[in-house]
Amino acid sequence: MRRFHHSILAALAALLVGCASGQATPVSTSTPQEPGGNRGSEDGPEPYEEVITDEAITDEGIFDVHRIDEDLFYEIPIDRLDEELLLLTRIARTPDGAGYGGSKANTSIVRWERRGDRVLLRLVSHQNVADPDLPVAGAVANSNFEPVVMAFDIEALSPDSSAVVIDVTPLFTTDVPLLGLQASRRSAYGVRRVDGTRTFVEWARSFPTNIEVRRVLTYEATEAPSNGAANTVSMEMHHSMLELPADPMQPRLCDPRVGFFSITQTDYGIDSQRATTRCYVTRWRLEPSDPAAFARGELVDPVKPIVYYIDPATPEKWRPYLKQGVEDWQVAFEEAGFSNAIVAMDAPTPEEDPEWSPEDARYSVIRYLASDVQNASGPHVHDPRTGEILESDIQWYHNVMNLLRNWFFIQTAAVNPDARGVEFSDELMGELIRFVSAHEVGHTIGLQHNMQSSATYPVEQLRTRFVCEFGVAPSIMDYARFNYVAQPGDDTCLMPLVGPYDKFAIEWGYRPMEGGTDGERAALNAMVAERQENPIYLFSSSNGEDPSALTEAIGDDAVAASDYGVANLKRITENLVEWSYQEGEDYDQLDELYGNVMAQWGRYTGHVLTNVGGVTQTRKRQGQDGPIFEMVPAEMQERSVDYLNRQVFATPEWLIDTDILGVITSSGVPDDIRSRQLSALNGLLDVARMKRLVEQEALHGSSAYDLGSMLDDLRDGIWSEVASGTATDAFRRNLQRAHLDRLIELIDDEEARQSDIAAFARGQLATLRTALDQGLSRTNHAATRLHYRDALARIVEALDSGD
């Protein structure tokens, strides 16, 4: 009625204007159709049969959905209004360069709310909560007013008045950011607006617990990722709206010593003298089908197992390996008391289930994406109230196989004939796929990366059969990859496995316990404290300062492991031309593999570098003995600088292989080597790292590896030719100039000047000046003498300018 009154007033105003001008203005008697508006009714909802006509195509389910030509109607039962629903948006099909079909775009919680003759779609947050029976719940509600995403007129009531009918077409044909591209992509593509004339619903289906809608979404965009002349980005988006569990799962409180993904809530209903943040892990709901047998310690099947389907688009030969990667986790769930807890299945055929779709939010699917991205990922969707995982789709990009080939070749070909080629056998590639599948499944059952895992096995143990039973690290959730420590002749294995930490984490996260969320906390805490006595059960994330939480590393001694790794890289480089040979092909594979050798050498450098000024962290809670943060022992730090001098700063002549370089490049490799050397040098002379060395000496005295010792060892290594009188090569001269430049920079660095660092840098320059004066008399190499004189001039200028 309000809109009707506005229309009459507007018409009268137009008529008066027309009369005043001496001209008659025709007045339309029809009511303009607004987005989401009532279809011609001036007095509220129309009769049901006039809205949902005989032309309607209806699908029954959680809500009945009706299609009439291009329009989509939801018939929402009144008893389901105000019910919270999960709204999940995925990109189903994309143009080239705009992501990949199957990737998730957004997850939200919404609810439908009736206000008179309208229905509002509201966005719900569970960030701040309180028991609804407590007085404070009203204050929480007042501070968390829910945004209205869109409003819809009620078009009709169902024949028995038990449901409201709304036209939801505008929700899918107008620009609703919640259901569209993320802000970052909109910005990257220069999106101006949604073009409603080219945006439409393809199909909609309703199921007992969810509604699935597929639409074509078209944006006008100035920076379209492909077919830019059209200034258009079109894609298919898939939207799932599904009910949340009517009986919320009992949440489990987080423990930072066990690596689960989590949700956080500020709970104002807790009797505390401050706002209390509660953290709950994300996990699937597993309940024993036979509680009595479970209580006796017997393995029992869960009431509802975790099921993953294999995308029908997956090549058949890889399906068994993807399935095995899923079911490798069964041994971990057995630690939690469950048998057959996690299974993998082929998707039903269209004949078996014509409505089955990988986008259907009822199913967890390993999605096979036609993409040149060398990756895979394992996100999941969870109930924001409790952390219960409801669904998960692993994103499996086709080209991850190339990444696996490169990793396995570079890390194992020196000891493994099966890895010596540009293409692996299907059996070997299948096992590598199985490994990545298991890793990604670990994410989808709640586990974070555990980068501390890889630092716990002794390096020498990795050269034995121990690896065959326990893997290269205690957790497959580490970035431990493959056994690059193994040397020719070692009787060992090469692959990661679901390991001891993984089994412990699943037991901690999934074993049902008595006492409710707070009552079970003591038993869970005791379980962690007991296990942490053995370092294989430790958890931590990488922070750049902790050498016990590295990525792409294995073994408890980065120096020893990296020395073994470099020895293997040398063996591979010597044979790289032969092992990459393909009759009649170009040299692209050789080029790619050589680049991976270089990158792996750089990774070893990073592993060792982290020791210098390093601080290890062991996550603990009060009541556990020992410190959380500990300095890396001085002996290890000193060995690390020695490694850098031997394996990085000394010219890596083994990388300068003319048989390789002569067919892959006319230039560039020397610059690549230099850039990696400079990266290591600048990382060592980083102000934050040097400040930690100063701090460690202040705290630990003579037991620390002090800044002066590190700088002396570095200078002696980089400028070793000065004392020996040997000639320098171009690589060494470049490195020495870079060292000199960095010391000069530190003199004037404001942060360095606020500590001992600038003074130590000045002292290094003074010492180097004396050494170069003497070194000039020890060499007759022309380029070296010119280089020393140039260095002396720079030092004098830098020291004199600061006097």
# chains A, B, ... in the order shown; residues from 1 in each chain; ligands from 1
>>> residues_around(residues="Ser453 (chain A)", least_positions_apart="4", cutoff="6 Å", atoms="only C-alpha atoms", output="PyMOL selection string")
chain A and resi 473-475
>>> closest_residue(among="A:Ile78, A:Ala798, A:Ala413, A:Ala783", to="Arg571 (chain A)", atoms="only C-alpha atoms")
A:Ala413
>>> select_by_dssp(residues="region 221-385 of chain A", states="strand (DSSP E)", output="count of residues only")
46
>>> residues_around(residues="Ala771 (chain A)", least_positions_apart="2", cutoff="12 Å", atoms="only C-alpha atoms", output="MDAnalysis selection string")
chainID A and resid 715:716 719:725 764:769 773:778 788:789 791:792 795
>>> residues_around(residues="Asn340 (chain A)", least_positions_apart="4", cutoff="9 Å", atoms="only C-alpha atoms", output="short mmCIF file (atom, residue, chain, number, x, y, z; two decimals) with C-alpha atoms, in the first residue's frame")
data_model
loop_
_atom_site.label_atom_id
_atom_site.label_comp_id
_atom_site.auth_asym_id
_atom_site.auth_seq_id
_atom_site.Cartn_x
_atom_site.Cartn_y
_atom_site.Cartn_z
CA VAL A 300 33.21 -49.40 16.48
CA ASP A 301 31.86 -47.86 13.31
CA PRO A 302 30.59 -44.29 13.59
CA PRO A 305 31.18 -41.96 8.49
CA ILE A 306 33.10 -39.27 6.62
CA GLU A 327 41.51 -44.11 3.49
CA GLN A 330 41.67 -44.83 8.85
CA PHE A 333 40.74 -42.72 13.41
CA GLU A 334 41.31 -46.14 14.90
#
>>> residues_around(residues="region 245-261 of chain A", least_positions_apart="5", cutoff="6 Å", atoms="only C-alpha atoms", output="PyMOL selection string")
chain A and resi 279-282+386+446-448+517+539+619
>>> residues_around(residues="region 185-191 of chain A", least_positions_apart="6", cutoff="10 Å", atoms="only C-alpha atoms", output="list of chain:residue names")
A:Ala98, A:Gly99, A:Pro177, A:Thr218, A:Tyr219, A:Glu220, A:Ala221, A:Thr222, A:Glu223, A:Ala224, A:Pro225, A:Ser226, A:Gly228, A:Asn231, A:Thr232, A:Val233
>>> closest_residue(among="A:Pro417, A:Pro95, A:Gly442, A:Gly708", to="Ser392 (chain A)", atoms="only C-alpha atoms")
A:Gly442
>>> closest_residue(among="A:Val459, A:Val422, A:Ala526, A:Leu286", to="Pro512 (chain A)", atoms="only C-alpha atoms")
A:Leu286
>>> residues_around(residues="Glu697 (chain A)", least_positions_apart="6", cutoff="9 Å", atoms="only C-alpha atoms", output="list in words")
Ser703, Ala704, Tyr705, Asp706 and Leu707 of chain A
>>> write_last_selection(atoms="C-alpha atoms", output="mmCIF file, in the first residue's frame")
data_model
loop_
_atom_site.group_PDB
_atom_site.id
_atom_site.type_symbol
_atom_site.label_atom_id
_atom_site.label_comp_id
_atom_site.auth_asym_id
_atom_site.auth_seq_id
_atom_site.Cartn_x
_atom_site.Cartn_y
_atom_site.Cartn_z
ATOM 1 C CA SER A 703 77.283 -19.474 26.036
ATOM 2 C CA ALA A 704 75.775 -17.446 23.181
ATOM 3 C CA TYR A 705 77.084 -17.068 19.643
ATOM 4 C CA ASP A 706 77.642 -13.319 19.806
ATOM 5 C CA LEU A 707 77.313 -10.792 16.994
#
